[in-house]
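*Asks:* Okay, so here is start_13.tsv, and as you'll see once you scroll down, it has TSV, C-alpha atoms.
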```tsv
chain	number	residue	atom	x	y	z
A	68	MET	CA	0.00	0.00	0.00
A	69	SER	CA	1.30	3.45	-0.92
A	70	GLU	CA	1.97	6.01	1.76
A	71	CYS	CA	-1.08	7.96	0.58
A	72	GLY	CA	-3.21	4.83	0.90
A	73	TRP	CA	-1.86	4.13	4.36
A	74	LEU	CA	-2.53	7.70	5.43
A	75	SER	CA	-6.01	7.61	3.93
A	76	ASP	CA	-6.90	4.63	6.13
A	77	ARG	CA	-5.59	6.44	9.21
A	78	ILE	CA	-7.21	9.83	8.59
A	79	PRO	CA	-10.68	9.08	10.10
A	80	ALA	CA	-9.20	7.75	13.36
A	81	VAL	CA	-6.94	10.79	13.74
A	82	ALA	CA	-9.74	13.20	12.80
A	83	LEU	CA	-11.90	11.64	15.53
A	84	GLY	CA	-9.09	11.91	18.07
A	85	ARG	CA	-8.71	8.15	18.40
A	86	ALA	CA	-5.18	8.09	17.06
A	87	GLU	CA	-2.26	10.44	16.48
A	88	TRP	CA	0.04	11.00	13.54
A	89	THR	CA	3.49	9.55	13.61
A	90	GLN	CA	6.49	11.68	12.66
A	91	GLN	CA	6.67	9.97	9.30
A	92	GLU	CA	2.99	10.65	8.62
A	93	VAL	CA	3.33	14.29	9.58
A	94	GLN	CA	6.23	14.55	7.17
A	95	HIS	CA	4.20	12.99	4.34
A	96	LEU	CA	1.16	15.13	5.09
A	97	SER	CA	3.20	18.32	4.91
A	98	GLU	CA	4.44	17.38	1.44
A	99	CYS	CA	1.42	15.74	-0.17
A	100	ARG	CA	-1.32	18.08	-1.38
A	101	ALA	CA	-3.75	15.23	-2.10
A	102	CYS	CA	-3.46	13.91	1.45
A	103	GLN	CA	-3.83	17.42	2.86
A	104	GLN	CA	-7.08	17.83	0.94
A	105	GLU	CA	-8.34	14.47	2.11
A	106	TRP	CA	-7.47	15.33	5.68
A	107	GLU	CA	-9.33	18.64	5.34
A	108	VAL	CA	-12.43	16.99	3.91
A	109	VAL	CA	-12.59	14.15	6.41
A	110	ARG	CA	-11.91	16.42	9.37
A	111	ALA	CA	-14.67	18.80	8.25
A	112	ALA	CA	-17.05	15.89	7.81
A	113	SER	CA	-16.18	14.48	11.22
A	114	ARG	CA	-17.26	17.78	12.76
A	115	LEU	CA	-20.44	18.31	10.78
A	116	GLY	CA	-23.41	19.02	13.01
A	117	GLU	CA	-21.35	19.27	16.19
A	118	SER	CA	-23.17	22.45	17.15
A	119	LEU	CA	-26.52	20.65	16.78
A	120	VAL	CA	-25.90	18.12	19.50
A	121	PRO	CA	-27.42	20.11	22.36
A	122	ALA	CA	-30.45	20.94	20.20
A	123	ALA	CA	-32.00	17.55	20.89
A	124	ASP	CA	-32.37	17.07	24.65
A	125	PRO	CA	-31.59	13.38	25.17
A	126	GLU	CA	-33.68	13.17	28.35
A	127	ALA	CA	-36.78	14.55	26.64
A	128	THR	CA	-36.13	12.37	23.62
A	129	ALA	CA	-35.75	9.28	25.82
A	130	ALA	CA	-38.98	10.06	27.71
A	131	SER	CA	-40.87	10.64	24.49
A	132	VAL	CA	-39.55	7.49	22.81
A	133	LEU	CA	-40.34	5.35	25.86
A	134	HIS	CA	-43.84	6.82	26.02
A	135	ARG	CA	-44.42	5.94	22.38
A	136	LEU	CA	-43.05	2.44	22.90
A	137	ARG	CA	-45.43	1.86	25.82
A	138	ARG	CA	-48.38	3.07	23.77
A	139	ASN	CA	-47.27	0.89	20.88
A	140	ARG	CA	-47.04	-2.19	23.13
A	141	GLU	CA	-50.52	-1.53	24.50
A	142	ALA	CA	-51.91	-1.05	21.02
A	143	GLY	CA	-50.18	-4.27	19.97
A	144	ARG	CA	-51.79	-6.16	22.84
A	145	ARG	CA	-55.21	-4.75	21.90
A	146	ARG	CA	-54.66	-5.71	18.26
A	147	ARG	CA	-53.62	-9.23	19.22
A	148	GLY	CA	-56.71	-9.49	21.44
A	149	ALA	CA	-58.92	-8.25	18.62
A	150	TRP	CA	-57.36	-10.70	16.17
A	151	GLY	CA	-57.81	-13.52	18.64
A	152	PHE	CA	-61.42	-12.59	19.03
A	153	ALA	CA	-61.85	-12.25	15.27
A	154	GLY	CA	-60.37	-15.71	14.86
A	155	PHE	CA	-62.75	-17.04	17.46
A	156	ALA	CA	-65.68	-15.35	15.76
A	157	ALA	CA	-64.53	-16.75	12.42
A	158	ALA	CA	-64.36	-20.22	13.94
A	159	ALA	CA	-67.87	-19.75	15.28
A	160	ALA	CA	-68.99	-18.62	11.84
A	161	VAL	CA	-67.45	-21.73	10.27
A	162	VAL	CA	-69.22	-23.94	12.79
A	163	ALA	CA	-72.46	-22.12	12.05
A	164	ALA	CA	-71.93	-22.48	8.31
A	165	LEU	CA	-71.20	-26.19	8.61
A	166	TRP	CA	-74.22	-26.66	10.77
A	167	THR	CA	-76.35	-24.70	8.32
A	168	GLY	CA	-75.14	-27.05	5.61
A	169	GLY	CA	-76.30	-29.98	7.75
A	170	ALA	CA	-79.65	-28.29	8.22
A	171	ASP	CA	-80.03	-27.82	4.46
A	172	ARG	CA	-79.90	-31.54	4.07
A	173	GLN	CA	-82.91	-31.77	6.32
A	174	LEU	CA	-85.07	-29.76	3.96
A	175	ASP	CA	-86.61	-32.99	2.68
A	176	ARG	CA	-88.31	-33.25	6.04
A	177	GLY	CA	-90.49	-30.32	5.13
A	178	PRO	CA	-90.44	-26.56	5.41
A	179	GLU	CA	-91.50	-26.47	9.02
A	180	GLY	CA	-88.45	-28.35	10.25
A	181	ALA	CA	-86.20	-26.22	8.12
A	182	SER	CA	-87.64	-23.00	9.42
A	183	VAL	CA	-87.19	-24.18	12.98
A	184	VAL	CA	-83.56	-24.98	12.25
A	185	ALA	CA	-83.10	-21.68	10.48
A	186	GLY	CA	-84.60	-19.96	13.47
A	187	GLN	CA	-82.12	-21.68	15.75
A	188	LEU	CA	-79.28	-20.58	13.51
A	189	ALA	CA	-80.34	-16.99	13.28
A	190	ILE	CA	-77.25	-15.77	15.13
A	191	PRO	CA	-76.19	-12.39	13.89
A	192	LEU	CA	-72.45	-13.05	13.58
A	193	PRO	CA	-71.36	-9.45	13.62
A	194	GLU	CA	-72.84	-9.19	17.08
A	195	LEU	CA	-70.51	-11.92	18.29
A	196	GLU	CA	-67.97	-9.20	18.68
A	197	ILE	CA	-69.73	-7.74	21.67
A	198	LEU	CA	-70.02	-11.06	23.51
A	199	GLN	CA	-67.83	-12.06	26.41
A	200	PRO	CA	-65.89	-15.34	26.19
A	201	ALA	CA	-68.40	-17.10	28.46
A	202	GLU	CA	-71.25	-15.94	26.26
A	203	LEU	CA	-69.38	-17.14	23.19
A	204	ASP	CA	-69.01	-20.53	24.83
A	205	SER	CA	-72.76	-20.61	25.27
A	206	VAL	CA	-73.23	-19.79	21.61
A	207	LEU	CA	-70.89	-22.58	20.63
A	208	GLN	CA	-72.70	-25.03	22.90
A	209	MET	CA	-75.99	-23.97	21.39
A	210	LEU	CA	-74.54	-24.58	17.96
A	211	ASP	CA	-73.21	-27.98	18.99
A	212	GLU	CA	-76.43	-29.29	20.45
A	213	PRO	CA	-78.77	-29.13	17.46
A	214	SER	CA	-75.94	-30.20	15.21
A	215	ALA	CA	-75.47	-33.38	17.19
A	216	ALA	CA	-79.20	-33.94	17.27
A	217	ALA	CA	-79.47	-33.39	13.56
A	218	ALA	CA	-76.67	-35.82	12.85
A	219	SER	CA	-78.18	-38.51	15.01
A	220	ALA	CA	-81.63	-37.94	13.52
A	221	ASP	CA	-80.36	-37.77	9.98
A	222	GLU	CA	-78.44	-40.97	9.66
A	223	PRO	CA	-81.16	-43.54	10.63
A	224	ASP	CA	-83.65	-41.75	8.42
A	225	LEU	CA	-81.43	-41.94	5.39
A	226	ARG	CA	-80.59	-45.51	6.08
A	227	ASP	CA	-84.33	-46.28	6.26
A	228	LEU	CA	-85.00	-44.80	2.83
A	229	ASN	CA	-85.25	-47.00	-0.21
A	230	SER	CA	-83.45	-46.13	-3.41
A	231	ASP	CA	-86.40	-44.16	-4.91
A	232	GLU	CA	-86.74	-42.10	-1.77
A	233	LEU	CA	-83.02	-41.48	-1.63
A	234	GLU	CA	-83.16	-40.36	-5.25
A	235	ARG	CA	-85.88	-37.87	-4.38
A	236	VAL	CA	-83.84	-36.61	-1.45
A	237	LEU	CA	-80.87	-36.07	-3.72
A	238	ASP	CA	-83.07	-34.32	-6.27
A	239	SER	CA	-84.43	-32.04	-3.60
A	240	TRP	CA	-80.88	-31.15	-2.44
A	241	GLU	CA	-79.83	-30.43	-5.98
A	242	GLY	CA	-82.96	-28.36	-6.54
B	247	MET	CA	-29.33	2.96	50.63
B	248	PRO	CA	-28.00	1.56	47.35
B	249	GLY	CA	-29.42	3.27	44.30
B	250	PRO	CA	-30.40	1.66	41.02
B	251	PRO	CA	-27.59	0.18	38.92
B	252	LYS	CA	-25.75	2.71	36.81
B	253	PRO	CA	-26.57	1.86	33.21
B	254	ASP	CA	-24.01	4.28	31.77
B	255	THR	CA	-21.19	1.91	32.71
B	256	THR	CA	-22.73	-0.89	30.71
B	257	THR	CA	-21.99	-1.90	27.14
B	258	ASP	CA	-24.58	-1.39	24.40
B	259	PRO	CA	-25.28	-5.12	24.01
B	260	ALA	CA	-25.88	-5.40	27.77
B	261	LEU	CA	-28.22	-2.41	27.67
B	262	VAL	CA	-30.11	-3.87	24.74
B	263	ALA	CA	-30.42	-7.18	26.60
B	264	ALA	CA	-31.68	-5.31	29.67
B	265	TYR	CA	-34.24	-3.45	27.58
B	266	ARG	CA	-35.40	-6.70	26.00
B	267	SER	CA	-35.96	-7.95	29.53
B	268	GLY	CA	-38.16	-4.96	30.25
B	269	ASP	CA	-35.74	-2.44	31.78
B	270	GLU	CA	-36.76	0.92	30.35
B	271	ARG	CA	-33.82	2.67	32.01
B	272	ALA	CA	-31.57	0.74	29.65
B	273	ALA	CA	-33.42	2.18	26.67
B	274	ALA	CA	-33.15	5.67	28.13
B	275	GLU	CA	-29.40	5.22	28.51
B	276	LEU	CA	-29.09	4.05	24.91
B	277	VAL	CA	-31.00	7.13	23.80
B	278	ARG	CA	-28.68	9.36	25.82
B	279	ARG	CA	-25.66	7.71	24.24
B	280	HIS	CA	-26.75	7.72	20.65
B	281	ALA	CA	-29.27	10.51	20.05
B	282	GLY	CA	-26.56	13.15	19.54
B	283	PRO	CA	-24.41	11.21	17.06
B	284	LEU	CA	-27.58	10.10	15.29
B	285	GLY	CA	-28.61	13.74	14.88
B	286	ARG	CA	-25.20	14.69	13.50
B	287	PHE	CA	-25.25	11.76	11.12
B	288	LEU	CA	-28.70	12.68	9.78
B	289	TYR	CA	-27.73	16.31	9.49
B	290	SER	CA	-24.60	15.36	7.56
B	291	LEU	CA	-26.69	13.27	5.22
B	292	GLY	CA	-28.78	16.33	4.42
B	293	ALA	CA	-31.61	16.31	6.96
B	294	GLU	CA	-33.07	19.71	7.56
B	295	ARG	CA	-32.39	21.19	10.94
B	296	GLU	CA	-36.04	21.60	11.87
B	297	ASP	CA	-36.73	17.95	11.05
B	298	LEU	CA	-33.93	16.56	13.14
B	299	ASP	CA	-35.75	16.04	16.44
B	300	ASP	CA	-38.61	14.22	14.74
B	301	LEU	CA	-36.22	12.09	12.72
B	302	ILE	CA	-34.15	11.20	15.77
B	303	GLN	CA	-37.22	10.26	17.75
B	304	GLU	CA	-38.75	8.24	14.95
B	305	THR	CA	-35.47	6.42	14.33
B	306	LEU	CA	-35.10	5.52	18.00
B	307	PHE	CA	-38.73	4.46	18.22
B	308	ARG	CA	-38.41	2.17	15.20
B	309	ALA	CA	-35.13	0.76	16.47
B	310	PHE	CA	-36.52	-0.15	19.89
B	311	ARG	CA	-39.74	-1.46	18.42
B	312	ARG	CA	-37.81	-4.05	16.46
B	313	VAL	CA	-34.78	-4.32	18.69
B	314	GLU	CA	-35.04	-8.12	18.47
B	315	SER	CA	-33.72	-7.87	14.93
B	316	TRP	CA	-30.40	-6.39	16.09
B	317	ARG	CA	-28.10	-9.39	16.19
B	318	GLY	CA	-24.92	-7.61	17.15
B	319	GLY	CA	-23.23	-8.17	13.77
B	320	ALA	CA	-22.64	-4.44	13.61
B	321	SER	CA	-22.52	-2.05	16.56
B	322	PHE	CA	-25.83	-0.86	17.94
B	323	ARG	CA	-25.00	2.67	16.83
B	324	SER	CA	-24.23	1.66	13.26
B	325	TRP	CA	-27.47	-0.29	13.16
B	326	LEU	CA	-29.30	2.76	14.50
B	327	LEU	CA	-27.68	5.04	11.93
B	328	ALA	CA	-28.73	2.69	9.15
B	329	ILE	CA	-32.35	2.89	10.34
B	330	GLY	CA	-32.07	6.67	10.48
B	331	SER	CA	-30.60	6.77	7.01
B	332	ASN	CA	-33.48	4.69	5.61
B	333	LEU	CA	-35.97	6.94	7.33
B	334	LEU	CA	-34.34	10.06	5.93
B	335	ARG	CA	-34.33	8.52	2.48
B	336	ASP	CA	-38.04	7.83	2.73
B	337	GLN	CA	-38.63	11.40	3.82
B	338	VAL	CA	-36.59	12.81	0.96
B	339	ARG	CA	-38.44	10.55	-1.47
B	340	LYS	CA	-41.76	11.82	-0.16
B	341	ARG	CA	-40.57	15.36	-0.66
B	342	ARG	CA	-39.55	14.43	-4.18
B	343	GLY	CA	-35.87	14.64	-3.67
B	344	LYS	CA	-35.82	18.10	-2.24
B	345	LEU	CA	-32.31	18.69	-0.93
B	346	VAL	CA	-31.26	21.01	1.81
B	347	SER	CA	-30.57	24.54	0.78
B	348	LEU	CA	-27.32	25.45	2.39
B	349	GLU	CA	-28.03	29.12	1.87
B	350	ASP	CA	-30.87	28.72	4.36
B	351	ARG	CA	-28.70	27.07	6.93
B	352	GLU	CA	-27.80	29.17	9.93
B	353	ILE	CA	-24.22	29.22	11.07
B	354	ALA	CA	-23.92	27.69	14.51
B	355	ASP	CA	-24.71	30.01	17.42
B	356	GLY	CA	-21.63	31.16	19.23
B	357	ALA	CA	-19.27	30.34	16.39
B	358	ASP	CA	-16.38	32.77	16.16
B	359	PRO	CA	-16.94	34.31	12.73
B	360	HIS	CA	-13.25	34.79	12.06
B	361	ALA	CA	-11.54	31.84	13.66
B	362	ASP	CA	-14.09	29.29	12.51
B	363	LEU	CA	-14.93	30.80	9.16
B	364	ALA	CA	-12.66	28.56	7.13
B	365	ALA	CA	-13.84	25.46	8.97
B	366	VAL	CA	-17.50	26.42	8.60
B	367	GLU	CA	-17.02	27.12	4.91
B	368	THR	CA	-15.27	23.82	4.40
B	369	GLY	CA	-17.99	22.09	6.40
B	370	ASP	CA	-20.68	23.75	4.30
B	371	ARG	CA	-18.98	22.73	1.10
B	372	VAL	CA	-18.51	19.20	2.35
B	373	ARG	CA	-22.15	18.99	3.34
B	374	GLU	CA	-23.22	20.40	0.02
B	375	GLY	CA	-20.95	17.93	-1.74
B	376	LEU	CA	-22.32	15.04	0.32
B	377	ALA	CA	-25.83	15.91	-0.81
B	378	ARG	CA	-24.68	15.40	-4.40
B	379	LEU	CA	-23.10	12.02	-3.86
B	380	PRO	CA	-24.85	8.72	-4.56
B	381	ARG	CA	-26.47	7.37	-1.41
B	382	LEU	CA	-24.00	4.58	-0.71
B	383	GLN	CA	-20.98	6.82	-1.20
B	384	ARG	CA	-22.48	9.38	1.15
B	385	GLU	CA	-23.39	6.89	3.84
B	386	VAL	CA	-20.10	5.02	3.69
B	387	PHE	CA	-18.17	8.25	3.90
B	388	ILE	CA	-20.12	9.59	6.87
B	389	LEU	CA	-19.98	6.31	8.76
B	390	ARG	CA	-16.23	6.31	8.31
B	391	ALA	CA	-15.60	10.01	8.93
B	392	GLN	CA	-17.98	10.48	11.88
B	393	GLU	CA	-18.05	7.06	13.46
B	394	GLY	CA	-14.65	5.75	12.46
B	395	SER	CA	-16.34	2.52	11.41
B	396	ASP	CA	-14.17	0.02	9.57
B	397	TYR	CA	-15.20	-1.26	6.16
B	398	GLY	CA	-16.38	-4.58	7.53
B	399	GLU	CA	-18.84	-2.94	9.86
B	400	ILE	CA	-19.97	-0.45	7.23
B	401	ALA	CA	-20.56	-3.32	4.83
B	402	ALA	CA	-22.60	-5.21	7.42
B	403	VAL	CA	-24.79	-2.19	8.11
B	404	LEU	CA	-25.30	-1.05	4.53
B	405	GLY	CA	-25.64	-4.46	2.97
B	406	THR	CA	-22.55	-4.32	0.79
B	407	THR	CA	-19.06	-5.85	0.87
B	408	PRO	CA	-16.02	-4.40	2.65
B	409	GLY	CA	-14.26	-4.04	-0.71
B	410	ALA	CA	-17.18	-2.19	-2.22
B	411	ALA	CA	-17.41	0.02	0.86
B	412	ARG	CA	-13.74	0.94	0.45
B	413	VAL	CA	-14.33	1.89	-3.19
B	414	HIS	CA	-17.39	3.97	-2.25
B	415	TYR	CA	-15.36	5.77	0.37
B	416	HIS	CA	-12.56	6.64	-2.01
B	417	HIS	CA	-15.02	7.81	-4.67
B	418	ALA	CA	-16.65	10.04	-2.08
B	419	VAL	CA	-13.32	11.47	-0.94
B	420	LYS	CA	-12.25	12.15	-4.51
B	421	ARG	CA	-15.41	14.06	-5.34
B	422	LEU	CA	-15.44	15.98	-2.08
B	423	LYS	CA	-11.82	17.00	-2.59
B	424	GLU	CA	-12.76	18.45	-5.96
B	425	LEU	CA	-15.45	20.55	-4.30
B	426	VAL	CA	-13.32	21.81	-1.45
B	427	ARG	CA	-10.32	22.61	-3.66
```
Starting from the file, give its structure as structure tokens.

*Replies:*
Amino acid sequence: MSECGWLSDRIPAVALGRAEWTQQEVQHLSECRACQQEWEVVRAASRLGESLVPAADPEATAASVLHRLRRNREAGRRRRGAWGFAGFAAAAAVVAALWTGGADRQLDRGPEGASVVAGQLAIPLPELEILQPAELDSVLQMLDEPSAAAASADEPDLRDLNSDELERVLDSWEG
Amino acid sequence: MPGPPKPDTTTDPALVAAYRSGDERAAAELVRRHAGPLGRFLYSLGAEREDLDDLIQETLFRAFRRVESWRGGASFRSWLLAIGSNLLRDQVRKRRGKLVSLEDREIADGADPHADLAAVETGDRVREGLARLPRLQREVFILRAQEGSDYGEIAAVLGTTPGAARVHYHHAVKRLKELVR
């Protein structure tokens, strides 16, 4: 490495006061215009904005940043809670949808049975958001009960049907 | 009665670990250590004086919010400066590349107009020149000139190689020398 290259690598450390020139380097610097210019540029850059330092009060900045971080953490917790609840509501909606599908298959029993089932399923899902966890459990239980009943009632009936009746059931499902 | 532990005697990695464990005093100490150099760095990169406090605060906020992503490959300060640099770049982009007008810049309060004139003029020219450099050249140069970072660390922070960082630095020096001449 040339002497200029060597000096160039050392300039930032000396400009920042972390190192000192050797006699040999001082000698080179006094004779080399290119190195003098580099020294001037780097030293000026190392001091840029020095007068601005007191402008930002570190204590106030720290307090403000910590305050924002606390708020951000709280908001994060609320968001996570909301997402958890949304997931729960979505799960409830899926259960309801599946159950509704099961109820559709009961339409061959006649419109009265279907309307009763529909009435049981008339749970306005958007309103799930205002329910407490215990209330949501109740909703889920309510959804589970008729579903189980429907399943148990459905299977023997279908098994009892002959092929013509099953055909009609299928036709009615397909519309 | 023994007071709380003195965080200012602790290393940055220890302070970061303490903050991750919930010690807010550690974060406050990190802010005290790095807010000033961060401000100077952003100013050198062309941030406007009146934007500095907001930029510093936003940089620190973003850094602490995702402090888990600091792995210690580069120093905490270098990592912080890189976040600040990205933030400043976004701001400049939003303002459609508006650069700082050095004519509008006030000379530091209390500066001796005669003794410091040459230094202030050189500083102004350097800052003006920095604003004209490509981003990587500018950032490499400032990290080296203000932080004394070595090329390995600069490369880790800026996502380049040490060799490329060295080349960027020398390009920056060459162009700045032409301006100051």

*Asks:* What lies within 7 Å of Ala272 of chain B using all atoms listed in the file, ignoring chain neighbours under 4 positions off, as a list in words?

*Replies:* Pro253, Leu261, Val262, Ala264, Tyr265 and Leu276 of chain B

*Asks:* Would you export the selected residues with C-alpha atoms as a PDB file, in the frame of the given file, please?

*Replies:*
```pdb
ATOM      1  CA  PRO B 253     -26.570   1.860  33.210  1.00  0.00           C
ATOM      2  CA  LEU B 261     -28.220  -2.410  27.670  1.00  0.00           C
ATOM      3  CA  VAL B 262     -30.110  -3.870  24.740  1.00  0.00           C
ATOM      4  CA  ALA B 264     -31.680  -5.310  29.670  1.00  0.00           C
ATOM      5  CA  TYR B 265     -34.240  -3.450  27.580  1.00  0.00           C
ATOM      6  CA  LEU B 276     -29.090   4.050  24.910  1.00  0.00           C
TER       7      LEU B 276
END
```

*Asks:* Set the cut-off to 7 Å and count all atoms listed in the file: what are the residues of chain B that reach chain A? Output as a tab-separated table (two decimals) with C-alpha atoms, in the frame of the given file.

*Replies:*
```
chain	number	residue	atom	x	y	z
B	274	ALA	CA	-33.15	5.67	28.13
B	277	VAL	CA	-31.00	7.13	23.80
B	278	ARG	CA	-28.68	9.36	25.82
B	281	ALA	CA	-29.27	10.51	20.05
B	282	GLY	CA	-26.56	13.15	19.54
B	285	GLY	CA	-28.61	13.74	14.88
B	286	ARG	CA	-25.20	14.69	13.50
B	289	TYR	CA	-27.73	16.31	9.49
B	290	SER	CA	-24.60	15.36	7.56
B	299	ASP	CA	-35.75	16.04	16.44
B	303	GLN	CA	-37.22	10.26	17.75
B	306	LEU	CA	-35.10	5.52	18.00
B	307	PHE	CA	-38.73	4.46	18.22
B	311	ARG	CA	-39.74	-1.46	18.42
B	354	ALA	CA	-23.92	27.69	14.51
B	365	ALA	CA	-13.84	25.46	8.97
B	368	THR	CA	-15.27	23.82	4.40
B	369	GLY	CA	-17.99	22.09	6.40
B	372	VAL	CA	-18.51	19.20	2.35
B	390	ARG	CA	-16.23	6.31	8.31
B	391	ALA	CA	-15.60	10.01	8.93
B	392	GLN	CA	-17.98	10.48	11.88
B	394	GLY	CA	-14.65	5.75	12.46
B	419	VAL	CA	-13.32	11.47	-0.94
B	422	LEU	CA	-15.44	15.98	-2.08
B	423	LYS	CA	-11.82	17.00	-2.59
```

*Asks:* Rounded to one decimal, what separation in Å do you get between atom CA of Ala410 of chain B and atom CA of Arg384 of chain B?

*Replies:*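 Atom CA of Arg384 of chain B lies 13.2 Å from atom CA of Ala410 of chain B.
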
*Asks:* Fewer than 5 positions away in the same chain doesn't count, so skip those; otherwise give me all residues within 8 Å of segment 324-333 of chain B, counting all atoms listed in the file, as a list of chain:residue names.

*Replies:* B:Leu284, B:Phe287, B:Leu288, B:Leu291, B:Leu301, B:Ile302, B:Thr305, B:Leu306, B:Arg308, B:Ala309, B:Trp316, B:Glu385, B:Leu389, B:Glu399, B:Ile400, B:Val403, B:Leu404

*Asks:* Would you put the residues from that selection into a file with C-alpha atoms, as a PDB file, keeping the file's coordinate frame?

*Replies:*
```
ATOM      1  CA  LEU B 284     -27.580  10.100  15.290  1.00  0.00           C
ATOM      2  CA  PHE B 287     -25.250  11.760  11.120  1.00  0.00           C
ATOM      3  CA  LEU B 288     -28.700  12.680   9.780  1.00  0.00           C
ATOM      4  CA  LEU B 291     -26.690  13.270   5.220  1.00  0.00           C
ATOM      5  CA  LEU B 301     -36.220  12.090  12.720  1.00  0.00           C
ATOM      6  CA  ILE B 302     -34.150  11.200  15.770  1.00  0.00           C
ATOM      7  CA  THR B 305     -35.470   6.420  14.330  1.00  0.00           C
ATOM      8  CA  LEU B 306     -35.100   5.520  18.000  1.00  0.00           C
ATOM      9  CA  ARG B 308     -38.410   2.170  15.200  1.00  0.00           C
ATOM     10  CA  ALA B 309     -35.130   0.760  16.470  1.00  0.00           C
ATOM     11  CA  TRP B 316     -30.400  -6.390  16.090  1.00  0.00           C
ATOM     12  CA  GLU B 385     -23.390   6.890   3.840  1.00  0.00           C
ATOM     13  CA  LEU B 389     -19.980   6.310   8.760  1.00  0.00           C
ATOM     14  CA  GLU B 399     -18.840  -2.940   9.860  1.00  0.00           C
ATOM     15  CA  ILE B 400     -19.970  -0.450   7.230  1.00  0.00           C
ATOM     16  CA  VAL B 403     -24.790  -2.190   8.110  1.00  0.00           C
ATOM     17  CA  LEU B 404     -25.300  -1.050   4.530  1.00  0.00           C
TER      18      LEU B 404
END
```

*Asks:* Mind pulling up the distance from atom CA of Tyr397 of chain B to atom CA of Pro380 of chain B?

*Replies:*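 Rounded to one decimal, the two atoms are 17.5 Å apart.
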
*Asks:* Give me, please, the distance in Å between atom CA of Gly319 of chain B and atom CA of Gln383 of chain B, quoted to one decimal.

*Replies:*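 Computing it gives 21.3 Å between the two atoms.
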
*Asks:* Could you model N, CA and C atoms for segment 331-343 of chain B and present them as a PDB file, keeping the file's coordinate frame?

*Replies:*
```pdb
ATOM      1  N   SER B 331     -30.883   6.466   8.410  1.00  0.00           N
ATOM      2  CA  SER B 331     -30.600   6.770   7.010  1.00  0.00           C
ATOM      3  C   SER B 331     -31.769   6.346   6.120  1.00  0.00           C
ATOM      4  N   ASN B 332     -32.319   5.164   6.394  1.00  0.00           N
ATOM      5  CA  ASN B 332     -33.480   4.690   5.610  1.00  0.00           C
ATOM      6  C   ASN B 332     -34.673   5.615   5.797  1.00  0.00           C
ATOM      7  N   LEU B 333     -34.849   6.051   7.025  1.00  0.00           N
ATOM      8  CA  LEU B 333     -35.970   6.940   7.330  1.00  0.00           C
ATOM      9  C   LEU B 333     -35.829   8.273   6.596  1.00  0.00           C
ATOM     10  N   LEU B 334     -34.610   8.787   6.619  1.00  0.00           N
ATOM     11  CA  LEU B 334     -34.340  10.060   5.930  1.00  0.00           C
ATOM     12  C   LEU B 334     -34.571   9.899   4.429  1.00  0.00           C
ATOM     13  N   ARG B 335     -34.140   8.763   3.911  1.00  0.00           N
ATOM     14  CA  ARG B 335     -34.330   8.520   2.480  1.00  0.00           C
ATOM     15  C   ARG B 335     -35.816   8.499   2.111  1.00  0.00           C
ATOM     16  N   ASP B 336     -36.595   7.848   2.969  1.00  0.00           N
ATOM     17  CA  ASP B 336     -38.040   7.830   2.730  1.00  0.00           C
ATOM     18  C   ASP B 336     -38.614   9.247   2.757  1.00  0.00           C
ATOM     19  N   GLN B 337     -38.121  10.029   3.696  1.00  0.00           N
ATOM     20  CA  GLN B 337     -38.630  11.400   3.820  1.00  0.00           C
ATOM     21  C   GLN B 337     -38.274  12.218   2.575  1.00  0.00           C
ATOM     22  N   VAL B 338     -37.037  12.066   2.145  1.00  0.00           N
ATOM     23  CA  VAL B 338     -36.590  12.810   0.960  1.00  0.00           C
ATOM     24  C   VAL B 338     -37.415  12.379  -0.256  1.00  0.00           C
ATOM     25  N   ARG B 339     -37.660  11.066  -0.349  1.00  0.00           N
ATOM     26  CA  ARG B 339     -38.440  10.550  -1.470  1.00  0.00           C
ATOM     27  C   ARG B 339     -39.840  11.154  -1.461  1.00  0.00           C
ATOM     28  N   LYS B 340     -40.419  11.238  -0.267  1.00  0.00           N
ATOM     29  CA  LYS B 340     -41.760  11.820  -0.160  1.00  0.00           C
ATOM     30  C   LYS B 340     -41.760  13.282  -0.575  1.00  0.00           C
ATOM     31  N   ARG B 341     -40.652  13.940  -0.290  1.00  0.00           N
ATOM     32  CA  ARG B 341     -40.570  15.360  -0.660  1.00  0.00           C
ATOM     33  C   ARG B 341     -39.999  15.515  -2.066  1.00  0.00           C
ATOM     34  N   ARG B 342     -39.996  14.439  -2.782  1.00  0.00           N
ATOM     35  CA  ARG B 342     -39.550  14.430  -4.180  1.00  0.00           C
ATOM     36  C   ARG B 342     -38.132  14.920  -4.367  1.00  0.00           C
ATOM     37  N   GLY B 343     -37.288  14.389  -3.486  1.00  0.00           N
ATOM     38  CA  GLY B 343     -35.870  14.640  -3.670  1.00  0.00           C
ATOM     39  C   GLY B 343     -35.407  16.040  -3.357  1.00  0.00           C
TER      40      GLY B 343
END
```
